[in-house]
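Visitor: This is model_21.txt, which holds compact mmCIF, C-alpha atoms:
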# COMPACT_ATOMS: atom_id res chain seq x y z
CA MET A 1 14.80 -12.31 6.41
CA LYS A 2 16.17 -8.93 5.42
CA VAL A 3 13.91 -6.24 3.93
CA LYS A 4 15.36 -3.44 1.83
CA VAL A 5 13.10 -0.37 1.65
CA ILE A 6 13.50 1.32 -1.74
CA PRO A 7 11.94 4.80 -2.19
CA VAL A 8 10.90 5.48 -5.80
CA LEU A 9 8.74 7.88 -7.83
CA GLU A 10 7.29 10.71 -5.74
CA ASP A 11 6.25 8.76 -2.65
CA ASN A 12 6.24 5.04 -3.52
CA TYR A 13 8.14 2.20 -1.91
CA MET A 14 9.41 -0.95 -3.55
CA TYR A 15 10.78 -3.73 -1.39
CA LEU A 16 13.45 -6.36 -1.79
CA VAL A 17 13.09 -9.29 0.61
CA ILE A 18 16.27 -11.32 1.00
CA GLU A 19 16.56 -14.86 2.37
CA GLU A 20 19.95 -14.47 4.03
CA HIS A 21 21.00 -18.14 3.93
CA THR A 22 20.23 -18.94 0.28
CA ARG A 23 20.65 -15.32 -0.91
CA GLU A 24 17.43 -15.68 -2.87
CA ALA A 25 15.45 -12.45 -3.21
CA VAL A 26 11.81 -11.55 -3.81
CA ALA A 27 10.67 -8.09 -4.94
CA VAL A 28 7.38 -6.48 -3.98
CA ASP A 29 5.59 -3.94 -6.24
CA VAL A 30 8.15 -3.11 -8.89
CA SER A 31 7.69 0.33 -10.42
CA VAL A 32 11.31 1.26 -11.26
CA PRO A 33 13.05 -1.94 -12.38
CA LYS A 34 16.53 -0.55 -13.04
CA ARG A 35 16.64 0.93 -9.55
CA LEU A 36 15.63 -2.46 -8.15
CA LEU A 37 18.34 -4.26 -10.13
CA GLU A 38 20.94 -1.81 -8.79
CA ILE A 39 20.04 -2.90 -5.27
CA VAL A 40 19.99 -6.58 -6.29
CA GLY A 41 23.51 -6.24 -7.70
CA ARG A 42 24.79 -4.35 -4.70
CA GLU A 43 23.38 -6.95 -2.30
CA GLY A 44 24.75 -9.84 -4.37
CA VAL A 45 21.49 -11.79 -4.35
CA SER A 46 19.52 -13.81 -6.90
CA LEU A 47 16.16 -12.25 -7.75
CA THR A 48 13.67 -15.00 -8.62
CA THR A 49 10.17 -13.66 -7.99
CA VAL A 50 8.03 -10.53 -8.03
CA LEU A 51 5.00 -10.24 -5.75
CA THR A 52 2.54 -7.59 -6.94
CA THR A 53 -0.19 -6.32 -4.63
CA HIS A 54 -2.45 -4.91 -7.37
CA HIS A 55 -2.54 -3.82 -10.99
CA HIS A 56 -2.24 -0.02 -10.70
CA TRP A 57 0.60 1.53 -12.65
CA ASP A 58 2.74 2.68 -9.72
CA HIS A 59 2.82 -0.84 -8.27
CA ALA A 60 3.11 -2.97 -11.41
CA ARG A 61 4.38 -0.85 -14.29
CA GLY A 62 7.96 -2.11 -13.96
CA ASN A 63 7.11 -5.80 -14.33
CA ALA A 64 7.37 -6.00 -18.11
CA GLU A 65 10.76 -4.28 -18.33
CA LEU A 66 12.08 -6.28 -15.39
CA VAL A 67 11.11 -9.55 -17.07
CA ARG A 68 12.78 -8.34 -20.27
CA LEU A 69 15.96 -7.51 -18.39
CA GLN A 70 15.88 -10.73 -16.40
CA PRO A 71 14.24 -13.56 -18.39
CA GLY A 72 12.73 -16.38 -16.37
CA LEU A 73 11.56 -14.14 -13.56
CA VAL A 74 8.24 -15.21 -12.02
CA VAL A 75 5.58 -12.49 -11.54
CA LEU A 76 2.79 -13.38 -9.10
CA GLY A 77 -0.42 -11.62 -8.09
CA ALA A 78 -4.16 -12.09 -7.75
CA ASP A 79 -5.41 -9.97 -10.64
CA GLU A 80 -5.20 -10.76 -14.35
CA ARG A 81 -4.77 -7.02 -15.00
CA ILE A 82 -1.27 -7.13 -13.48
CA CYS A 83 1.35 -6.46 -16.13
CA ALA A 84 3.48 -9.49 -17.16
CA LEU A 85 1.66 -11.77 -14.72
CA THR A 86 3.09 -15.31 -14.75
CA ARG A 87 0.59 -17.00 -12.44
CA ARG A 88 -2.52 -15.87 -10.63
CA LEU A 89 -2.58 -16.47 -6.88
CA VAL A 90 -5.59 -17.34 -4.73
CA HIS A 91 -6.51 -16.42 -1.17
CA GLY A 92 -4.80 -18.59 1.43
CA GLU A 93 -2.19 -19.95 -0.96
CA GLU A 94 1.24 -20.42 0.60
CA LEU A 95 4.62 -20.00 -1.08
CA GLN A 96 8.13 -20.62 0.18
CA PHE A 97 11.47 -19.04 -0.67
CA GLY A 98 14.22 -20.78 1.26
CA ALA A 99 13.22 -20.42 4.90
CA ILE A 100 10.72 -17.65 4.16
CA HIS A 101 7.05 -18.62 4.14
CA VAL A 102 4.50 -16.43 2.33
CA ARG A 103 0.77 -16.56 2.94
CA CYS A 104 -1.30 -14.81 0.26
CA LEU A 105 -4.20 -12.80 1.72
CA LEU A 106 -6.83 -11.47 -0.66
CA THR A 107 -7.76 -8.01 0.63
CA PRO A 108 -10.32 -6.44 -1.72
CA GLY A 109 -11.39 -2.85 -1.21
CA HIS A 110 -9.19 -0.61 -3.30
CA THR A 111 -9.25 -3.16 -6.12
CA SER A 112 -11.12 -6.46 -6.30
CA GLY A 113 -7.87 -8.34 -6.89
CA HIS A 114 -5.73 -6.73 -4.21
CA MET A 115 -3.42 -9.26 -2.54
CA SER A 116 -1.42 -8.69 0.64
CA TYR A 117 1.53 -10.90 1.55
CA PHE A 118 2.28 -12.20 5.05
CA LEU A 119 5.89 -13.39 5.46
CA TRP A 120 7.53 -15.26 8.30
CA GLU A 121 10.32 -17.73 9.12
CA ASP A 122 9.87 -20.75 11.37
CA GLU A 123 11.95 -20.84 14.56
CA CYS A 124 13.15 -17.29 14.01
CA LEU A 125 13.11 -14.52 16.61
CA ASP A 126 12.55 -11.83 13.99
CA PRO A 127 8.92 -10.66 13.73
CA PRO A 128 6.80 -11.52 10.67
CA ALA A 129 5.99 -8.92 8.03
CA VAL A 130 3.01 -7.98 5.88
CA PHE A 131 3.28 -6.17 2.56
CA SER A 132 -0.04 -4.51 2.02
CA GLY A 133 0.37 -2.17 -0.94
CA SER A 134 -0.87 1.04 0.66
CA ARG A 135 -2.54 4.24 -0.17
CA CYS A 136 -1.86 7.33 -2.20
CA PRO A 137 -3.96 10.46 -2.57
CA ALA A 138 -6.32 10.55 -5.53
CA PRO A 139 -5.48 13.16 -8.12
CA LEU A 140 -8.40 15.09 -9.52
CA CYS A 141 -9.72 13.95 -12.86
CA PRO A 142 -8.25 15.83 -15.84
CA PRO A 143 -10.95 17.79 -17.71
CA SER A 144 -10.68 15.60 -20.82
CA LEU A 145 -11.43 12.37 -18.97
CA SER A 146 -14.49 11.07 -17.20
CA PRO A 147 -14.01 10.38 -13.47
CA SER A 148 -14.73 6.68 -13.97
CA THR A 149 -12.06 6.33 -16.66
CA PHE A 150 -9.47 8.22 -14.65
CA SER A 151 -10.06 6.28 -11.44
CA ASP A 152 -9.58 3.02 -13.31
CA LEU A 153 -6.29 4.14 -14.85
CA ALA A 154 -4.80 6.11 -12.00
CA SER A 155 -3.76 4.90 -8.59
CA SER A 156 -6.52 6.25 -6.42
CA PRO A 157 -6.62 6.24 -2.64
CA GLY A 158 -6.62 2.95 -0.97
CA ASP A 159 -4.65 -0.15 -1.84
CA ALA A 160 -4.90 -1.75 1.65
CA LEU A 161 -3.39 -1.07 5.07
CA SER A 162 -0.83 1.72 5.49
CA VAL A 163 0.79 3.49 8.41
CA ALA A 164 -2.14 5.14 10.24
CA GLY A 165 -4.47 4.80 7.28
CA CYS A 166 -6.12 2.86 4.49
CA GLY A 167 -8.10 4.35 1.66
CA SER A 168 -11.01 4.58 -0.69
CA ARG A 169 -13.18 1.73 -1.81
CA LEU A 170 -13.09 1.42 -5.59
CA GLU A 171 -14.12 -2.09 -6.60
CA SER A 172 -15.64 -3.72 -3.52
CA THR A 173 -18.35 -3.19 -0.92
CA ALA A 174 -17.76 -1.51 2.43
CA HIS A 175 -18.31 -4.86 4.12
CA GLN A 176 -15.63 -6.50 1.97
CA MET A 177 -13.23 -3.70 2.82
CA TYR A 178 -14.02 -4.14 6.51
CA GLN A 179 -13.31 -7.86 6.23
CA SER A 180 -9.99 -7.15 4.48
CA LEU A 181 -8.75 -4.59 6.99
CA VAL A 182 -10.15 -5.71 10.32
CA GLU A 183 -10.89 -9.41 9.97
CA THR A 184 -7.93 -10.37 7.76
CA LEU A 185 -5.04 -7.95 8.28
CA GLY A 186 -6.19 -6.81 11.71
CA THR A 187 -5.98 -10.31 13.15
CA LEU A 188 -2.34 -10.95 12.24
CA PRO A 189 0.13 -11.14 15.16
CA PRO A 190 0.54 -7.70 16.78
CA GLU A 191 4.31 -7.79 16.30
CA THR A 192 3.86 -8.04 12.52
CA LYS A 193 5.80 -5.32 10.71
CA VAL A 194 3.63 -3.37 8.28
CA PHE A 195 5.33 -2.43 5.01
CA CYS A 196 3.13 -0.22 2.85
CA GLY A 197 3.60 1.17 -0.64
CA HIS A 198 3.48 4.94 -0.08
CA GLU A 199 4.87 7.56 2.28
CA HIS A 200 1.72 9.30 3.49
CA THR A 201 2.06 8.73 7.22
CA LEU A 202 2.03 12.40 8.15
CA GLY A 203 -1.25 13.13 6.35
CA ASN A 204 -2.79 9.93 7.69
CA LEU A 205 -1.95 10.89 11.25
CA GLU A 206 -3.26 14.42 10.81
CA PHE A 207 -6.58 12.89 9.76
CA ALA A 208 -6.42 10.39 12.64
CA GLN A 209 -6.02 13.34 15.01
CA LYS A 210 -9.14 14.92 13.53
CA VAL A 211 -11.03 11.67 14.18
CA GLU A 212 -9.65 11.16 17.70
CA PRO A 213 -8.28 14.46 19.02
CA CYS A 214 -7.85 13.02 22.53
CA ASN A 215 -5.90 9.92 21.46
CA ASP A 216 -2.44 10.18 23.02
CA HIS A 217 -1.06 7.48 20.72
CA VAL A 218 -2.03 9.53 17.68
CA ARG A 219 -0.46 12.64 19.17
CA ALA A 220 2.83 10.87 19.95
CA LYS A 221 3.04 9.16 16.56
CA LEU A 222 2.27 12.42 14.76
CA SER A 223 5.10 14.18 16.60
CA TRP A 224 7.44 11.33 15.66
CA ALA A 225 6.31 11.38 12.01
CA LYS A 226 6.90 15.14 11.75
CA LYS A 227 10.48 14.63 12.92
CA ARG A 228 10.97 11.85 10.36
CA ASP A 229 9.52 14.08 7.65
CA ASP A 230 11.86 16.94 8.61
CA ASP A 231 14.79 14.53 8.36
CA ASP A 232 13.48 13.03 5.10
CA VAL A 233 13.52 9.54 6.62
CA PRO A 234 10.92 6.82 5.85
CA THR A 235 8.26 6.07 8.44
CA VAL A 236 7.95 2.41 7.42
CA PRO A 237 7.61 -0.07 8.87
CA SER A 238 5.15 0.23 11.71
CA THR A 239 3.72 -2.77 13.55
CA LEU A 240 0.18 -4.02 13.58
CA GLY A 241 0.04 -3.58 17.36
CA GLU A 242 0.87 0.10 16.91
CA GLU A 243 -1.69 0.48 14.13
CA LEU A 244 -4.43 -0.80 16.43
CA LEU A 245 -3.66 2.12 18.77
CA TYR A 246 -3.81 5.00 16.30
CA ASN A 247 -5.15 3.89 12.90
CA PRO A 248 -8.84 4.89 12.79
CA PHE A 249 -9.56 2.40 9.99
CA LEU A 250 -8.65 -0.43 12.35
CA ARG A 251 -10.49 1.19 15.27
CA VAL A 252 -14.01 1.17 13.83
CA ALA A 253 -15.38 -0.47 16.99
CA GLU A 254 -13.99 2.25 19.29
CA GLU A 255 -16.50 4.75 20.66
CA PRO A 256 -14.62 7.96 19.66
CA VAL A 257 -14.39 6.73 16.05
CA ARG A 258 -18.07 5.78 15.99
CA LYS A 259 -18.97 9.16 17.43
CA PHE A 260 -16.96 10.94 14.72
CA THR A 261 -18.77 9.07 11.96
CA GLY A 262 -22.23 9.00 13.54
CA LYS A 263 -22.44 5.28 12.71
CA VAL A 264 -22.32 2.08 14.75
CA ALA A 265 -22.08 -0.82 12.28
CA PRO A 266 -18.35 -1.36 11.55
CA ALA A 267 -18.70 -1.36 7.75
CA GLU A 268 -20.71 1.88 7.87
CA VAL A 269 -18.13 3.47 10.18
CA LEU A 270 -15.41 2.48 7.74
CA GLU A 271 -17.30 3.85 4.76
CA VAL A 272 -17.78 7.25 6.42
CA LEU A 273 -14.10 7.32 7.42
CA CYS A 274 -13.06 6.74 3.81
CA ARG A 275 -15.35 9.52 2.60
CA GLU A 276 -14.12 11.94 5.26
CA ARG A 277 -10.51 11.05 4.55
CA ALA A 278 -10.98 11.85 0.85
CA SER A 279 -12.52 15.23 1.72
CA PHE A 280 -9.67 15.90 4.13
CA GLU A 281 -7.11 15.24 1.38
CA ARG A 282 -8.86 17.46 -1.14
CA ALA A 283 -9.02 20.31 1.36
CA ALA A 284 -5.36 19.89 2.32
CA GLU A 285 -3.83 19.49 -1.13
CA PRO A 286 -6.02 20.89 -3.93
CA LEU A 287 -4.57 20.40 -7.40
CA GLN A 288 -4.67 23.34 -9.79
CA PRO A 289 -5.83 22.78 -13.41
CA GLN A 290 -2.26 23.07 -14.71
CA ALA A 291 -1.07 20.42 -12.27
CA ARG A 292 -3.91 18.10 -13.25
CA ALA A 293 -3.05 18.43 -16.93
CA LEU A 294 0.65 17.81 -16.27
CA LEU A 295 -0.15 14.75 -14.18
CA ALA A 296 -2.35 13.35 -16.92
CA LEU A 297 0.35 14.02 -19.51
CA GLN A 298 2.97 12.22 -17.41
CA TRP A 299 0.71 9.18 -17.15
CA GLY A 300 0.01 9.18 -20.87
CA LEU A 301 -3.69 9.86 -20.41
CA LEU A 302 -3.88 12.83 -22.78
CA SER A 303 -3.59 12.33 -26.51
CA THR A 304 -3.94 14.45 -29.62
CA PRO A 305 -7.52 14.26 -31.02
CA GLN A 306 -7.76 12.35 -34.26
CA GLN A 307 -8.61 14.26 -37.42
CA LYS A 308 -12.06 13.49 -38.79
Can you present the structure in this file as structure tokens?

Guide:
Amino acid sequence: MKVKVIPVLEDNYMYLVIEEHTREAVAVDVSVPKRLLEIVGREGVSLTTVLTTHHHWDHARGNAELVRLQPGLVVLGADERICALTRRLVHGEELQFGAIHVRCLLTPGHTSGHMSYFLWEDECLDPPAVFSGSRCPAPLCPPSLSPSTFSDLASSPGDALSVAGCGSRLESTAHQMYQSLVETLGTLPPETKVFCGHEHTLGNLEFAQKVEPCNDHVRAKLSWAKKRDDDDVPTVPSTLGEELLYNPFLRVAEEPVRKFTGKVAPAEVLEVLCRERASFERAAEPLQPQARALLALQWGLLSTPQQK
């Protein structure tokens, strides 16, 4: 199993997973289809399937064009809102592409239909992998839109597990988010490689350091991430074993994390962490009104008022 990491948009990642014996390929979260097809052509593989983690534009907007460019392509996901969806998946369903097995893990929190994908090969020394969507910072709501409308259309913080982070809870309860992160993703084999959908490791680790200032694993990973950022090199993948050492959203049972939140129950700890992380982002990267308007225009959220 070969994974091609494809940086797109401002900070997104698409992935191309290649079964090296059959040369069959599966794409994850297609946002820029022509860029993906360039990689497919260069690798000389046959793209058959798209796995989409959730319906937000920066993870699924390329599906329709990709299907148009490559008829017969299968688009899979767990949410009917996913563009060009061929078939809806259910939790625990297993797929197979050559020697690659895929277990579909429903991980609600960011969206109610968020699906993560756990991939492995039998009798292979390479570690398994999980594609978990990921998180991106929430832009502020443009003045012409209500916050509820904007959060439904834009990709707000969250998705699922990312390097040193997770994100906001949009469509599920805190307990459901806890189950997704800790009880579902957090119990995968520790050697599992974590492939997320956004490059926000540096900000995640800066927040993790605020939560656990005495955590040596956070300090070391932050130093490493700064070097990667200086060199403009991706920080993905991490491993689940590493995440358990420095990701506060997986460490809700640890005393320093509980102390930071002032809560004990895991779901309540997680909810406070999400709220504090959102405040941390807003303080670190405030968007000016002009930037908010430009962002809304780019996403097609502003339109000319109709004449009465």

Visitor: Using all atoms listed in the file, find the one residue out of A:Asn12, A:Thr192, A:Asn247, A:Asn63 that sits nearest to Asn204 in chain A.

Guide: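 Ranking A:Asn12, A:Thr192, A:Asn247, A:Asn63 by distance to Asn204 in chain A, first place goes to A:Asn247.
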
Visitor: List the neighbours of range 5-9 of chain A out to 8 Å using all atoms listed in the file; skip same-chain residues closer than 3 positions along the sequence, and give me the result as a ChimeraX atom specification.

Guide: /A:12-16,31-32,36

Visitor: So, counting all atoms listed in the file, which residue among A:Phe97, A:Phe131, A:Phe118, A:Phe249 is closest to Glu271 in chain A?

Guide: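 Smallest distance to Glu271 in chain A is found for A:Phe249.
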
Visitor: Take CA of Glu20 in chain A and CA of Leu95 in chain A and report the distance between them in Å, one decimal.

Guide: 17.1 Å

Visitor: Please provide as a list in words all residues within 12 Å of Trp120 in chain A, with the sequence filter that same-chain residues fewer than 6 positions apart are discarded (counting all atoms listed in the file).

Guide: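 So the residues in contact are Met1, Lys2, Val3, Val17, Glu19, Glu94, Leu95, Gln96, Phe97, Gly98, Ala99, Ile100, His101, Val102, Arg103, Cys104, Asp126, Pro127, Pro128, Ala129, Val130, Phe131, Leu188, Pro189, Glu191, Thr192 and Lys193 of chain A.
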
Visitor: Write out the residues from the selection above, keeping C-alpha atoms, as a PDB file, in the coordinates of the input.

Guide:
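Okay, this is what ended up in out_30.pdb:
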ATOM      1  CA  MET A   1      14.800 -12.310   6.410  1.00  0.00           C
ATOM      2  CA  LYS A   2      16.170  -8.930   5.420  1.00  0.00           C
ATOM      3  CA  VAL A   3      13.910  -6.240   3.930  1.00  0.00           C
ATOM      4  CA  VAL A  17      13.090  -9.290   0.610  1.00  0.00           C
ATOM      5  CA  GLU A  19      16.560 -14.860   2.370  1.00  0.00           C
ATOM      6  CA  GLU A  94       1.240 -20.420   0.600  1.00  0.00           C
ATOM      7  CA  LEU A  95       4.620 -20.000  -1.080  1.00  0.00           C
ATOM      8  CA  GLN A  96       8.130 -20.620   0.180  1.00  0.00           C
ATOM      9  CA  PHE A  97      11.470 -19.040  -0.670  1.00  0.00           C
ATOM     10  CA  GLY A  98      14.220 -20.780   1.260  1.00  0.00           C
ATOM     11  CA  ALA A  99      13.220 -20.420   4.900  1.00  0.00           C
ATOM     12  CA  ILE A 100      10.720 -17.650   4.160  1.00  0.00           C
ATOM     13  CA  HIS A 101       7.050 -18.620   4.140  1.00  0.00           C
ATOM     14  CA  VAL A 102       4.500 -16.430   2.330  1.00  0.00           C
ATOM     15  CA  ARG A 103       0.770 -16.560   2.940  1.00  0.00           C
ATOM     16  CA  CYS A 104      -1.300 -14.810   0.260  1.00  0.00           C
ATOM     17  CA  ASP A 126      12.550 -11.830  13.990  1.00  0.00           C
ATOM     18  CA  PRO A 127       8.920 -10.660  13.730  1.00  0.00           C
ATOM     19  CA  PRO A 128       6.800 -11.520  10.670  1.00  0.00           C
ATOM     20  CA  ALA A 129       5.990  -8.920   8.030  1.00  0.00           C
ATOM     21  CA  VAL A 130       3.010  -7.980   5.880  1.00  0.00           C
ATOM     22  CA  PHE A 131       3.280  -6.170   2.560  1.00  0.00           C
ATOM     23  CA  LEU A 188      -2.340 -10.950  12.240  1.00  0.00           C
ATOM     24  CA  PRO A 189       0.130 -11.140  15.160  1.00  0.00           C
ATOM     25  CA  GLU A 191       4.310  -7.790  16.300  1.00  0.00           C
ATOM     26  CA  THR A 192       3.860  -8.040  12.520  1.00  0.00           C
ATOM     27  CA  LYS A 193       5.800  -5.320  10.710  1.00  0.00           C
TER      28      LYS A 193
END

Visitor: Would you mind reading off the distance between CA of Arg68 in chain A and CA of His55 in chain A, one decimal, in Å?

Guide: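 It comes out at 18.5 Å.
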
Visitor: Can you pull out every residue within 12 Å of Val90 in chain A, counting all atoms listed in the file, but drop anything in the same chain fewer than 4 positions away, and send it as a ChimeraX atom specification?

Guide: /A:76-80,94-95,103-107,113-117

Visitor: Using C-alpha atoms, can you write the selected residues to a file as a PDB file, in the coordinates of the input?

Guide:
ATOM      1  CA  LEU A  76       2.790 -13.380  -9.100  1.00  0.00           C
ATOM      2  CA  GLY A  77      -0.420 -11.620  -8.090  1.00  0.00           C
ATOM      3  CA  ALA A  78      -4.160 -12.090  -7.750  1.00  0.00           C
ATOM      4  CA  ASP A  79      -5.410  -9.970 -10.640  1.00  0.00           C
ATOM      5  CA  GLU A  80      -5.200 -10.760 -14.350  1.00  0.00           C
ATOM      6  CA  GLU A  94       1.240 -20.420   0.600  1.00  0.00           C
ATOM      7  CA  LEU A  95       4.620 -20.000  -1.080  1.00  0.00           C
ATOM      8  CA  ARG A 103       0.770 -16.560   2.940  1.00  0.00           C
ATOM      9  CA  CYS A 104      -1.300 -14.810   0.260  1.00  0.00           C
ATOM     10  CA  LEU A 105      -4.200 -12.800   1.720  1.00  0.00           C
ATOM     11  CA  LEU A 106      -6.830 -11.470  -0.660  1.00  0.00           C
ATOM     12  CA  THR A 107      -7.760  -8.010   0.630  1.00  0.00           C
ATOM     13  CA  GLY A 113      -7.870  -8.340  -6.890  1.00  0.00           C
ATOM     14  CA  HIS A 114      -5.730  -6.730  -4.210  1.00  0.00           C
ATOM     15  CA  MET A 115      -3.420  -9.260  -2.540  1.00  0.00           C
ATOM     16  CA  SER A 116      -1.420  -8.690   0.640  1.00  0.00           C
ATOM     17  CA  TYR A 117       1.530 -10.900   1.550  1.00  0.00           C
TER      18      TYR A 117
END

Visitor: Under the rule that only C-alpha atoms are counted, which of A:Phe280, A:Phe195, A:Trp224, A:Tyr246 is the nearest residue to Gly165 in chain A?

Guide: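 Among the listed residues, the smallest separation from Gly165 in chain A belongs to A:Tyr246.
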
Visitor: Using all atoms listed in the file, pick whichever of A:Leu270, A:Leu244, A:Ala220, A:Ala253 has the shortest atom-to-atom distance to Thr173 in chain A.

Guide: A:Leu270

Visitor: Would you kindly return, as a ChimeraX atom specification, each protein, DNA or RNA residue with an atom no farther than 12 Å from any atom of Leu161 in chain A, considering all atoms listed in the file and excluding same-chain residues fewer than 4 positions away?

Guide: /A:53,107-110,114-117,130-136,157,165-168,177-178,180-182,184-186,193-198,200-201,204,237-240,243-244,247-250

Visitor: Looking at only C-alpha atoms, which of A:Ser223, A:Gln70, A:Ser172, A:Thr86 is the one that sits closest to Ala267 in chain A?

Guide: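 Using only C-alpha atoms, the shortest distance to Ala267 in chain A belongs to A:Ser172.
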
Visitor: For Glu255 in chain A, which residue among A:Val211, A:Ala278, A:Val75, A:Ala160 is the nearest when counting only C-alpha atoms?

Guide: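 So, comparing all the options, the nearest one is A:Val211.
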